[in-house]
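Participant: Got a file for you: data-v3.cif, mmCIF, C-alpha atoms.
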data_data
#
loop_
_atom_site.label_atom_id
_atom_site.label_comp_id
_atom_site.auth_asym_id
_atom_site.auth_seq_id
_atom_site.Cartn_x
_atom_site.Cartn_y
_atom_site.Cartn_z
CA MET Z 22 125.23 93.66 116.14
CA ARG Z 23 126.19 92.53 112.65
CA PHE Z 24 125.16 94.40 109.51
CA SER Z 25 125.67 93.78 105.83
CA ILE Z 26 125.35 97.06 103.99
CA TYR Z 27 125.19 97.81 100.27
CA ARG Z 28 128.07 100.09 99.37
CA PHE Z 29 128.65 101.89 96.11
CA ASN Z 30 130.55 105.07 95.47
CA PRO Z 31 130.51 105.72 91.71
CA ASP Z 32 133.63 107.92 92.02
CA VAL Z 33 135.68 105.06 93.42
CA ASP Z 34 133.94 101.71 92.92
CA ASP Z 35 133.56 99.83 89.66
CA LYS Z 36 130.56 97.97 90.98
CA PRO Z 37 128.51 97.73 94.19
CA TYR Z 38 129.49 95.37 97.01
CA MET Z 39 128.11 94.30 100.41
CA GLN Z 40 130.18 95.39 103.40
CA ASP Z 41 129.97 93.43 106.65
CA ILE Z 42 130.11 95.67 109.69
CA ASP Z 43 130.00 94.82 113.41
CA VAL Z 44 128.92 97.61 115.66
CA ALA Z 45 128.68 97.78 119.45
CA LEU Z 46 125.31 99.22 120.34
CA GLU Z 47 124.34 101.01 123.52
CA ASP Z 48 121.11 100.80 125.48
CA SER Z 49 119.92 104.06 123.95
CA ASP Z 50 120.11 102.56 120.46
CA GLN Z 51 116.57 101.38 119.90
CA MET Z 52 115.92 101.93 116.21
CA LEU Z 53 117.77 100.93 113.08
CA LEU Z 54 118.59 104.57 112.38
CA ASP Z 55 120.39 104.78 115.75
CA ALA Z 56 122.61 101.88 114.68
CA LEU Z 57 123.24 103.46 111.29
CA MET Z 58 124.30 106.68 112.97
CA ARG Z 59 126.69 104.69 115.13
CA ILE Z 60 128.09 102.97 112.03
CA LYS Z 61 128.43 106.34 110.33
CA ALA Z 62 130.38 107.60 113.33
CA GLN Z 63 132.85 104.74 112.67
CA ASP Z 64 132.87 105.19 108.90
CA GLU Z 65 131.82 108.61 107.78
CA THR Z 66 131.85 107.59 104.10
CA LEU Z 67 128.55 105.71 104.56
CA SER Z 68 125.84 107.70 102.80
CA LEU Z 69 122.17 107.68 103.70
CA ARG Z 70 119.29 110.13 103.91
CA LYS Z 71 117.64 111.03 107.21
CA SER Z 72 115.88 113.97 108.75
CA CYS Z 73 113.03 113.83 111.26
CA ARG Z 74 114.05 110.46 112.80
CA GLU Z 75 110.42 109.79 113.76
CA GLY Z 76 108.68 108.41 110.68
CA VAL Z 77 107.31 111.68 109.37
CA CYS Z 78 109.68 112.86 106.64
CA GLY Z 79 110.14 109.50 104.90
CA SER Z 80 113.72 110.23 103.87
CA ASP Z 81 115.37 107.15 105.44
CA ALA Z 82 113.36 104.59 103.46
CA MET Z 83 115.51 101.60 102.54
CA ASN Z 84 115.35 97.87 101.99
CA ILE Z 85 115.76 96.18 105.37
CA ASN Z 86 116.28 92.42 105.38
CA GLY Z 87 114.50 92.24 102.04
CA LYS Z 88 111.52 94.42 102.92
CA ASN Z 89 111.19 98.17 102.39
CA GLY Z 90 110.75 100.29 105.49
CA LEU Z 91 111.88 103.35 107.39
CA ALA Z 92 115.10 102.97 109.41
CA CYS Z 93 113.93 105.43 112.06
CA ILE Z 94 110.83 103.44 113.08
CA THR Z 95 112.24 99.93 112.63
CA LYS Z 96 113.11 98.46 116.01
CA LEU Z 97 116.51 96.81 116.20
CA ASP Z 98 115.20 93.94 118.31
CA SER Z 99 112.78 93.02 115.50
CA LEU Z 100 115.62 92.37 113.03
CA GLU Z 101 117.43 89.13 112.32
CA GLU Z 102 121.22 89.27 112.04
CA PRO Z 103 123.03 90.03 109.92
CA VAL Z 104 120.81 92.96 109.11
CA VAL Z 105 121.01 93.30 105.33
CA LEU Z 106 120.52 96.87 104.20
CA ARG Z 107 120.12 97.84 100.57
CA PRO Z 108 118.87 100.97 98.80
CA LEU Z 109 115.25 101.07 97.68
CA PRO Z 110 114.92 98.68 94.71
CA GLY Z 111 113.98 99.86 91.25
CA LEU Z 112 115.59 103.30 91.45
CA PRO Z 113 119.09 104.35 90.33
CA VAL Z 114 121.61 104.39 93.18
CA ILE Z 115 123.42 107.67 93.71
CA ARG Z 116 125.63 106.35 96.48
CA ASP Z 117 125.33 103.62 99.14
CA LEU Z 118 121.75 103.79 100.49
CA VAL Z 119 120.86 106.99 98.65
CA VAL Z 120 118.70 106.61 95.52
CA ASP Z 121 117.68 109.02 92.79
CA MET Z 122 113.94 109.58 93.32
CA THR Z 123 113.42 111.76 90.24
CA GLN Z 124 111.24 109.15 88.50
CA PHE Z 125 109.19 108.64 91.65
CA PHE Z 126 108.45 112.35 91.94
CA ASP Z 127 107.87 112.73 88.18
CA ASN Z 128 105.15 110.10 88.50
CA TYR Z 129 103.78 111.81 91.60
CA HIS Z 130 103.60 115.19 89.82
CA SER Z 131 101.93 113.57 86.78
CA VAL Z 132 98.72 113.04 88.78
CA MET Z 133 98.47 116.77 89.57
CA PRO Z 134 98.64 116.34 93.35
CA TYR Z 135 97.00 119.61 94.25
CA LEU Z 136 93.46 120.89 94.66
CA GLN Z 137 91.91 122.24 91.46
CA ASN Z 138 88.94 124.45 92.13
CA HIS Z 139 88.04 127.20 89.67
CA ASP Z 140 85.56 129.06 91.89
CA THR Z 141 86.51 132.39 93.35
CA PRO Z 142 88.54 131.65 96.49
CA PRO Z 143 86.44 132.21 99.63
CA GLU Z 144 87.51 134.59 102.36
CA THR Z 145 88.38 131.68 104.62
CA GLU Z 146 88.95 127.97 103.89
CA ARG Z 147 86.83 125.84 101.53
CA LEU Z 148 84.56 123.89 103.85
CA GLN Z 149 83.67 120.19 103.63
CA SER Z 150 81.08 118.12 105.42
CA PRO Z 151 82.51 115.74 108.04
CA GLU Z 152 81.49 112.84 105.75
CA ASP Z 153 83.37 114.27 102.77
CA ARG Z 154 86.38 115.01 104.92
CA ALA Z 155 86.35 111.42 106.24
CA LYS Z 156 86.83 110.15 102.67
CA LEU Z 157 90.36 111.55 102.74
CA ASP Z 158 91.38 109.56 105.82
CA GLY Z 159 93.94 106.93 104.97
CA LEU Z 160 95.01 108.93 101.92
CA TYR Z 161 96.42 112.27 103.01
CA GLU Z 162 98.75 110.70 105.59
CA CYS Z 163 101.17 109.43 102.91
CA ILE Z 164 104.68 110.77 103.54
CA LEU Z 165 105.99 109.93 100.03
CA CYS Z 166 108.83 107.80 101.35
CA GLY Z 167 108.61 105.61 98.23
CA ALA Z 168 108.63 102.31 100.13
CA CYS Z 169 105.43 101.16 98.42
CA THR Z 170 106.26 102.19 94.87
CA THR Z 171 109.74 100.68 94.97
CA SER Z 172 108.38 97.37 96.26
CA CYS Z 173 106.05 97.07 93.27
CA PRO Z 174 107.25 94.86 90.38
CA SER Z 175 105.00 96.76 87.96
CA PHE Z 176 106.98 99.90 88.83
CA TRP Z 177 110.29 98.06 88.48
CA TRP Z 178 109.44 97.00 84.93
CA ASN Z 179 107.57 100.14 83.82
CA PRO Z 180 108.85 103.01 85.99
CA ASP Z 181 108.17 105.62 83.32
CA LYS Z 182 104.68 104.33 82.46
CA PHE Z 183 103.08 102.97 85.64
CA VAL Z 184 102.41 105.74 88.16
CA GLY Z 185 103.00 103.47 91.14
CA PRO Z 186 101.07 103.00 94.38
CA ALA Z 187 102.15 106.26 96.06
CA GLY Z 188 101.27 108.39 93.05
CA LEU Z 189 97.96 106.59 92.53
CA MET Z 190 97.00 106.99 96.16
CA GLN Z 191 97.67 110.70 95.89
CA ALA Z 192 95.64 110.75 92.66
CA TYR Z 193 92.72 109.24 94.56
CA ARG Z 194 93.26 111.63 97.46
CA PHE Z 195 92.27 114.46 95.07
CA ILE Z 196 89.74 112.44 93.06
CA ALA Z 197 87.88 111.78 96.32
CA ASP Z 198 88.13 115.38 97.50
CA SER Z 199 84.70 117.04 97.37
CA ARG Z 200 86.34 120.44 96.84
CA ASP Z 201 88.15 119.39 93.66
CA GLN Z 202 86.45 120.18 90.32
CA GLU Z 203 88.64 118.16 87.96
CA GLN Z 204 87.57 114.64 88.87
CA ASP Z 205 86.75 113.66 85.28
CA ALA Z 206 90.07 114.96 83.96
CA ARG Z 207 91.93 113.15 86.73
CA LEU Z 208 90.21 109.86 85.84
CA GLU Z 209 90.89 110.42 82.14
CA ASN Z 210 94.54 111.06 82.99
CA LEU Z 211 94.80 107.50 84.33
CA GLU Z 212 93.07 105.73 81.43
CA ASP Z 213 95.99 104.37 79.40
CA PRO Z 214 96.87 100.66 79.80
CA TYR Z 215 99.88 101.38 82.00
CA ARG Z 216 99.33 104.33 84.33
CA LEU Z 217 96.67 102.72 86.53
CA TYR Z 218 95.90 99.30 85.14
CA ARG Z 219 99.40 97.89 85.48
CA CYS Z 220 98.53 97.29 89.13
CA HIS Z 221 97.90 93.56 89.54
CA ASN Z 222 96.89 93.74 93.20
CA ILE Z 223 99.80 91.79 94.64
CA MET Z 224 99.63 94.19 97.60
CA ASN Z 225 103.36 94.58 98.24
CA CYS Z 226 102.58 98.28 98.64
CA THR Z 227 100.11 97.72 101.45
CA ASP Z 228 102.41 95.21 103.09
CA VAL Z 229 105.37 97.59 103.36
CA CYS Z 230 103.71 100.96 104.00
CA PRO Z 231 105.34 102.31 107.18
CA LYS Z 232 102.25 104.45 107.86
CA LYS Z 233 99.95 101.41 107.61
CA LEU Z 234 98.07 102.90 104.66
CA ASN Z 235 96.44 100.87 101.90
CA PRO Z 236 97.41 102.10 98.41
CA ASN Z 237 95.89 98.97 96.90
CA ALA Z 238 92.45 99.95 98.20
CA ALA Z 239 92.86 103.43 96.73
CA ILE Z 240 93.77 101.95 93.35
CA ALA Z 241 90.72 99.65 93.47
CA ALA Z 242 88.55 102.65 94.42
CA ILE Z 243 89.73 104.53 91.33
CA LYS Z 244 88.78 101.59 89.11
CA ASP Z 245 85.38 101.30 90.81
CA LEU Z 246 84.78 105.01 90.39
CA LYS Z 247 85.57 104.83 86.69
CA ILE Z 248 82.88 102.15 86.31
CA GLU Z 249 80.42 104.18 88.40
CA LYS Z 250 81.10 107.23 86.24
CA ALA Z 251 80.47 105.24 83.07
CA LYS Z 252 77.17 103.96 84.55
CA ALA Z 253 76.10 107.46 85.51
CA HIS Z 254 77.00 108.77 82.06
CA LYS Z 255 75.05 105.97 80.42
CA ALA Z 256 72.00 106.69 82.57
CA THR Z 257 71.82 110.19 81.10
CA GLN Z 258 71.96 108.88 77.51
CA PRO Z 259 68.94 107.55 75.53
CA ALA Z 260 68.85 103.73 75.47
CA LYS Z 261 70.38 102.09 72.40
CA LYS Z 262 68.22 99.56 70.61
CA ILE Z 263 69.12 96.83 68.14
CA PHE Z 264 66.10 95.38 66.29
CA GLY Z 265 63.92 97.07 68.88
CA ILE Z 266 65.74 95.37 71.79
CA LYS Z 267 67.32 97.55 74.45
CA VAL Z 268 71.03 96.75 74.81
CA LEU Z 269 73.49 97.46 77.62
CA MET C 54 77.29 100.78 80.10
CA LEU C 55 79.71 97.88 80.36
CA ILE C 56 79.84 97.56 76.58
CA GLU C 57 81.15 101.11 76.26
CA LEU C 58 83.90 100.36 78.78
CA LEU C 59 85.09 97.55 76.53
CA THR C 60 85.64 99.84 73.54
CA ALA C 61 88.82 101.55 72.36
CA LYS C 62 87.68 104.69 74.15
CA TYR C 63 88.83 103.02 77.39
CA PRO C 64 92.08 101.23 76.44
CA GLY C 65 93.13 100.57 80.03
CA MET C 66 89.73 99.73 81.45
CA ARG C 67 88.95 97.46 78.47
CA ARG C 68 91.66 94.90 79.23
CA TRP C 69 91.22 95.03 82.98
CA LEU C 70 87.43 94.68 82.80
CA THR C 71 87.59 91.90 80.21
CA GLN C 72 89.78 89.85 82.55
CA ARG C 73 87.39 90.42 85.47
CA LEU C 74 84.29 89.61 83.40
CA CYS C 75 85.96 86.40 82.24
CA ALA C 76 86.72 85.47 85.84
CA VAL C 77 83.13 86.14 86.92
CA SER C 78 81.82 84.12 83.97
CA MET C 79 84.05 81.17 84.90
CA ALA C 80 82.88 81.35 88.51
CA LEU C 81 79.23 81.33 87.42
CA VAL C 82 79.71 78.32 85.12
CA LEU C 83 81.52 76.45 87.89
CA LEU C 84 78.68 77.27 90.28
CA LEU C 85 76.14 75.96 87.79
CA PHE C 86 78.17 72.82 87.29
CA TRP C 87 78.47 72.31 91.03
CA LEU C 88 74.70 72.70 91.42
CA ARG C 89 74.17 70.20 88.62
CA LEU C 90 76.38 67.70 90.42
CA LEU C 91 74.52 68.33 93.66
CA VAL C 92 71.17 67.64 92.03
CA CYS C 93 72.27 64.46 90.30
CA ALA C 94 75.88 63.36 90.55
CA PRO C 95 77.05 61.18 87.63
CA HIS C 96 78.34 57.88 88.97
CA ASP C 97 79.74 56.20 85.87
CA TYR C 98 81.01 56.95 82.39
CA SER C 99 77.64 56.78 80.71
CA SER C 100 76.06 59.20 83.17
CA TRP C 101 78.95 61.66 82.63
CA VAL C 102 78.36 61.33 78.89
CA ALA C 103 74.67 61.97 79.49
CA VAL C 104 75.46 65.23 81.26
CA PHE C 105 77.51 66.51 78.35
CA SER C 106 75.16 65.26 75.70
CA SER C 107 73.05 68.32 76.43
CA LEU C 108 73.78 71.12 73.96
CA TRP C 109 73.50 73.72 76.72
CA TRP C 110 76.13 72.07 78.86
CA ARG C 111 78.49 71.76 75.93
CA LEU C 112 77.97 75.44 75.09
CA LEU C 113 78.65 76.32 78.72
CA VAL C 114 81.87 74.31 78.69
CA VAL C 115 83.01 76.06 75.51
CA TRP C 116 82.12 79.43 77.06
CA PHE C 117 84.07 78.53 80.21
CA PHE C 118 87.18 77.68 78.23
CA VAL C 119 86.87 80.73 75.99
CA CYS C 120 86.79 82.88 79.13
CA MET C 121 89.70 80.99 80.69
CA LEU C 122 91.85 81.23 77.57
CA LEU C 123 91.10 84.92 77.10
CA HIS C 124 91.81 85.58 80.78
CA ALA C 125 95.11 83.72 80.54
CA TRP C 126 96.08 85.32 77.23
CA LEU C 127 95.60 88.83 78.63
CA GLY C 128 97.63 87.96 81.73
CA VAL C 129 100.48 86.32 79.83
CA ARG C 130 100.55 89.26 77.41
CA ASP C 131 101.13 91.64 80.33
CA VAL C 132 103.80 89.38 81.82
CA LEU C 133 105.66 89.21 78.52
CA ARG C 134 105.51 92.98 78.10
CA ASP C 135 107.02 93.38 81.56
CA TYR C 136 109.63 90.67 81.59
CA VAL C 137 110.75 90.34 77.96
CA PRO C 138 111.99 93.74 76.79
CA HIS C 139 113.78 92.26 73.76
CA LEU C 140 111.15 92.77 71.04
CA PRO C 141 112.01 89.87 68.66
CA SER C 142 112.12 87.41 71.58
CA ARG C 143 108.85 88.75 72.92
CA GLY C 144 107.26 88.43 69.47
CA VAL C 145 108.32 84.79 69.18
CA ILE C 146 107.11 83.90 72.68
CA GLN C 147 103.85 85.78 72.14
CA ALA C 148 103.31 83.91 68.88
CA LEU C 149 103.86 80.59 70.68
CA VAL C 150 101.37 81.66 73.35
CA ASP C 151 98.85 82.68 70.67
CA VAL C 152 99.18 79.31 68.91
CA THR C 153 98.87 77.44 72.21
CA VAL C 154 95.77 79.39 73.23
CA LEU C 155 94.19 78.96 69.83
CA GLY C 156 95.09 75.26 69.79
CA ASN C 157 93.52 74.74 73.19
CA GLY C 158 90.40 76.57 72.10
CA LEU C 159 90.08 74.42 68.98
CA ALA C 160 90.69 71.29 71.05
CA VAL C 161 87.84 72.24 73.38
CA LEU C 162 85.57 72.83 70.37
CA TRP C 163 86.54 69.49 68.90
CA ILE C 164 85.97 67.65 72.19
CA CYS C 165 82.58 69.27 72.72
CA PHE C 166 81.25 69.20 69.19
CA GLY C 167 83.58 67.16 66.99
CA MET C 168 83.66 63.91 68.95
CA ASN C 169 80.80 61.49 69.04
CA VAL C 170 79.68 62.29 72.58
#
Could you rewrite the structure in this file as structure tokens?
Facilitator:
Amino acid sequence: MRFSIYRFNPDVDDKPYMQDIDVALEDSDQMLLDALMRIKAQDETLSLRKSCREGVCGSDAMNINGKNGLACITKLDSLEEPVVLRPLPGLPVIRDLVVDMTQFFDNYHSVMPYLQNHDTPPETERLQSPEDRAKLDGLYECILCGACTTSCPSFWWNPDKFVGPAGLMQAYRFIADSRDQEQDARLENLEDPYRLYRCHNIMNCTDVCPKKLNPNAAIAAIKDLKIEKAKAHKATQPAKKIFGIKVL
Amino acid sequence: MLIELLTAKYPGMRRWLTQRLCAVSMALVLLLFWLRLLVCAPHDYSSWVAVFSSLWWRLLVVWFFVCMLLHAWLGVRDVLRDYVPHLPSRGVIQALVDVTVLGNGLAVLWICFGMNV
């Protein structure tokens, strides 16, 4: 099978280049990661991240034939040759297929991705109703591989300002959590023109998510909730009148 | 409630919501126009002129274009901020966009109210 792989070793190379590689696969090689391991056995200088090899850790996210995905759950027979492999776009390349994800995780941490509850901790867990728990489905499963965020043009152009789909989905995961007590602060944290509203709903994130999640829906839900909150706040305020006429 | 969301207190929501409200406004005007055509479709020049001789229709047309130009201006502004990092170049392009949008708005006003319809 023929591959064209992005290579760059900053210690040796002046600039990146694409290396064509032919590799003889065996019947046991089913996934792209299997082929990459076989290539690495031929050329041990090839650098990539991997760990669980079953789509759980998210470390082998890369750009595969122009679309972000996980090498370990991408079937070889689904790929057109030559298989063009590049590092995740929009992040600095450390070496070959390994990118520096510092910005991605900075954005993730900026949404405070942890439960904030100021009540005295109970003896056992904090309970939720089945309905409240169901609101977290489709959110908590994110493995933070970065495939969605690095396929988003808004992140490419504003990586330090726009949180990105993965971070925003995790923001909503805690905004929607009935046990969290900082919903208002979390919404306020996303109010500037870039952090949330730079999403233009092109849905690249949803298209590439290897876990089949929908970050775009989570982002839309945050916007809807902000409007609902404003409505609820208004309902508690006395009506404003101009010349005796009630205004919105 | 919506008015508050369009104030400086909500800098992100303000732009996003303005664009959506413009889009909804345009859709409503188009729907009204479509219904008008369904009720009585103009068949020649004079009947088209008759439609737009009504002050209400002309106001609706102006409103439609105001919404469209505002919607487009907000979108182009975002695109320029993303794709043109060089500030002087962005300023020049933004100024050209501003003049074009303003010119189109004035042209619509002139067509609707300045010409002898």
Participant: For region 102-111 of chain Z, list every protein, DNA or RNA residue within 6 Å, evaluated using only C-alpha atoms, and leave out those in the same chain fewer than 4 positions away; present the list as a VMD selection string.
Facilitator: chain Z and resid 23 to 27 83 to 86 118 171 177
Participant: Written as a PyMOL selection string, which residues does the PyMOL selection byres ((chain Z) within 12 of (chain C)) give for the file shown?
Facilitator: chain Z and resi 174-180+182-183+208-222+241+243-261+267-269
Participant: I'd like the interatomic distance between CA of Leu122 (chain C) and CA of Val154 (chain C), to a tenth of an Å.
Facilitator: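 Straight-line distance from CA of Leu122 (chain C) to CA of Val154 (chain C) works out to 6.1 Å.
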Participant: Spell out the residues picked by the PyMOL selection byres ((chain Z and resi 130) around 12) here, as a short mmCIF file (atom, residue, chain, number, x, y, z; two decimals) with C-alpha atoms, in the coordinates of the input.
Facilitator:
data_model
loop_
_atom_site.label_atom_id
_atom_site.label_comp_id
_atom_site.auth_asym_id
_atom_site.auth_seq_id
_atom_site.Cartn_x
_atom_site.Cartn_y
_atom_site.Cartn_z
CA THR Z 123 113.42 111.76 90.24
CA GLN Z 124 111.24 109.15 88.50
CA PHE Z 125 109.19 108.64 91.65
CA PHE Z 126 108.45 112.35 91.94
CA ASP Z 127 107.87 112.73 88.18
CA ASN Z 128 105.15 110.10 88.50
CA TYR Z 129 103.78 111.81 91.60
CA SER Z 131 101.93 113.57 86.78
CA VAL Z 132 98.72 113.04 88.78
CA MET Z 133 98.47 116.77 89.57
CA PRO Z 134 98.64 116.34 93.35
CA TYR Z 135 97.00 119.61 94.25
CA LEU Z 165 105.99 109.93 100.03
CA VAL Z 184 102.41 105.74 88.16
CA GLY Z 185 103.00 103.47 91.14
CA ALA Z 187 102.15 106.26 96.06
CA GLY Z 188 101.27 108.39 93.05
CA LEU Z 189 97.96 106.59 92.53
CA GLN Z 191 97.67 110.70 95.89
CA ALA Z 192 95.64 110.75 92.66
#
Participant: Measure the distance from CA of Ile164 (chain C) to CA of Val104 (chain C) in Å and round it to one decimal.
Facilitator: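 Value for the CA of Ile164 (chain C)-CA of Val104 (chain C) distance: 14.1 Å.
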Participant: Could you work out how far CA of Leu162 (chain C) lies from CA of Arg130 (chain C), giving the answer in Å with one decimal?
Facilitator: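 Separation of CA of Arg130 (chain C) and CA of Leu162 (chain C): 23.3 Å.
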Participant: Could you tell me which of Z:Val119, Z:Ala197, Z:Cys78, Z:Ala206 comes closest to Ala155 (chain Z) if we count all atoms listed in the file?
Facilitator: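 So, comparing all the options, the nearest one is Z:Ala197.
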Participant: Between C:Ile146, C:Val152, C:Met121, C:Ala103, which has the minimum distance to Val77 (chain C) (counting only C-alpha atoms)?
Facilitator: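 Counting only C-alpha atoms, the residue closest to Val77 (chain C) is C:Met121.
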Participant: Identify which of the residues C:Val92, C:Val129, C:Cys165, C:Leu74 lies closest to Leu149 (chain C), counting all atoms listed in the file when measuring atom-to-atom distances.
Facilitator: C:Val129
Participant: Write out as a ChimeraX atom specification which residues come within 12 Å of region 83-85 of chain C when counting only C-alpha atoms, dropping same-chain ones fewer than 5 positions away.
Facilitator: /C:76-78,90-92,109-110,113-114,116-118,121
Participant: Taking the file as shown, what set of residues would the PyMOL selection byres ((chain Z and resi 71) around 9) give back, as a list in words?
Facilitator: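 Against this file, the PyMOL selection byres ((chain Z and resi 71) around 9) returns the residues Leu54, Leu69, Arg70, Ser72, Cys73, Arg74, Cys78, Gly79, Ser80, Asp81, Ala82, Ala92 and Cys93 of chain Z.
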Participant: Find the spatial neighbours of Phe29 (chain Z), counting all atoms listed in the file, within a cut-off of 7 Å - ignore same-chain residues fewer than 2 positions away - and output them as number ranges by chain.
Facilitator: Z: 27, 31, 34, 36-38, 116-117
Participant: Could you list, as a VMD selection string, every residue within 10 Å of Tyr161 (chain Z), counting all atoms listed in the file and ignoring same-chain residues fewer than 6 positions away?
Facilitator: chain Z and resid 190 to 191 193 to 195 234
Participant: Limit the output to N, CA and C atoms and give region 112-124 of chain Z as a PDB file, in the first residue's frame.
Facilitator:
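Below is the file that was written, selection.pdb:
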ATOM      1  N   LEU Z 112      -2.059  23.576  14.334  1.00  0.00           N
ATOM      2  CA  LEU Z 112      -1.237  23.510  15.544  1.00  0.00           C
ATOM      3  C   LEU Z 112       0.231  23.392  15.130  1.00  0.00           C
ATOM      4  N   PRO Z 113       1.145  23.923  15.949  1.00  0.00           N
ATOM      5  CA  PRO Z 113       2.576  23.837  15.597  1.00  0.00           C
ATOM      6  C   PRO Z 113       3.036  22.375  15.576  1.00  0.00           C
ATOM      7  N   VAL Z 114       3.851  22.058  14.564  1.00  0.00           N
ATOM      8  CA  VAL Z 114       4.358  20.679  14.450  1.00  0.00           C
ATOM      9  C   VAL Z 114       5.627  20.543  15.288  1.00  0.00           C
ATOM     10  N   ILE Z 115       5.644  19.534  16.126  1.00  0.00           N
ATOM     11  CA  ILE Z 115       6.855  19.241  16.898  1.00  0.00           C
ATOM     12  C   ILE Z 115       7.791  18.380  16.047  1.00  0.00           C
ATOM     13  N   ARG Z 116       7.217  17.340  15.468  1.00  0.00           N
ATOM     14  CA  ARG Z 116       7.991  16.476  14.576  1.00  0.00           C
ATOM     15  C   ARG Z 116       7.032  15.527  13.854  1.00  0.00           C
ATOM     16  N   ASP Z 117       7.203  15.384  12.549  1.00  0.00           N
ATOM     17  CA  ASP Z 117       6.393  14.486  11.727  1.00  0.00           C
ATOM     18  C   ASP Z 117       4.894  14.657  12.020  1.00  0.00           C
ATOM     19  N   LEU Z 118       4.256  13.635  12.581  1.00  0.00           N
ATOM     20  CA  LEU Z 118       2.810  13.699  12.811  1.00  0.00           C
ATOM     21  C   LEU Z 118       2.460  14.140  14.238  1.00  0.00           C
ATOM     22  N   VAL Z 119       3.456  14.586  14.963  1.00  0.00           N
ATOM     23  CA  VAL Z 119       3.244  14.997  16.358  1.00  0.00           C
ATOM     24  C   VAL Z 119       3.110  16.515  16.425  1.00  0.00           C
ATOM     25  N   VAL Z 120       1.977  16.979  17.000  1.00  0.00           N
ATOM     26  CA  VAL Z 120       1.761  18.431  17.111  1.00  0.00           C
ATOM     27  C   VAL Z 120       1.791  18.869  18.572  1.00  0.00           C
ATOM     28  N   ASP Z 121       2.043  20.169  18.745  1.00  0.00           N
ATOM     29  CA  ASP Z 121       2.042  20.763  20.081  1.00  0.00           C
ATOM     30  C   ASP Z 121       0.602  21.154  20.416  1.00  0.00           C
ATOM     31  N   MET Z 122      -0.002  20.477  21.380  1.00  0.00           N
ATOM     32  CA  MET Z 122      -1.415  20.714  21.696  1.00  0.00           C
ATOM     33  C   MET Z 122      -1.605  21.669  22.875  1.00  0.00           C
ATOM     34  N   THR Z 123      -0.564  22.437  23.193  1.00  0.00           N
ATOM     35  CA  THR Z 123      -0.651  23.353  24.338  1.00  0.00           C
ATOM     36  C   THR Z 123      -1.840  24.314  24.198  1.00  0.00           C
ATOM     37  N   GLN Z 124      -1.976  24.926  23.001  1.00  0.00           N
ATOM     38  CA  GLN Z 124      -3.067  25.887  22.803  1.00  0.00           C
ATOM     39  C   GLN Z 124      -4.425  25.212  22.965  1.00  0.00           C
TER      40      GLN Z 124
END
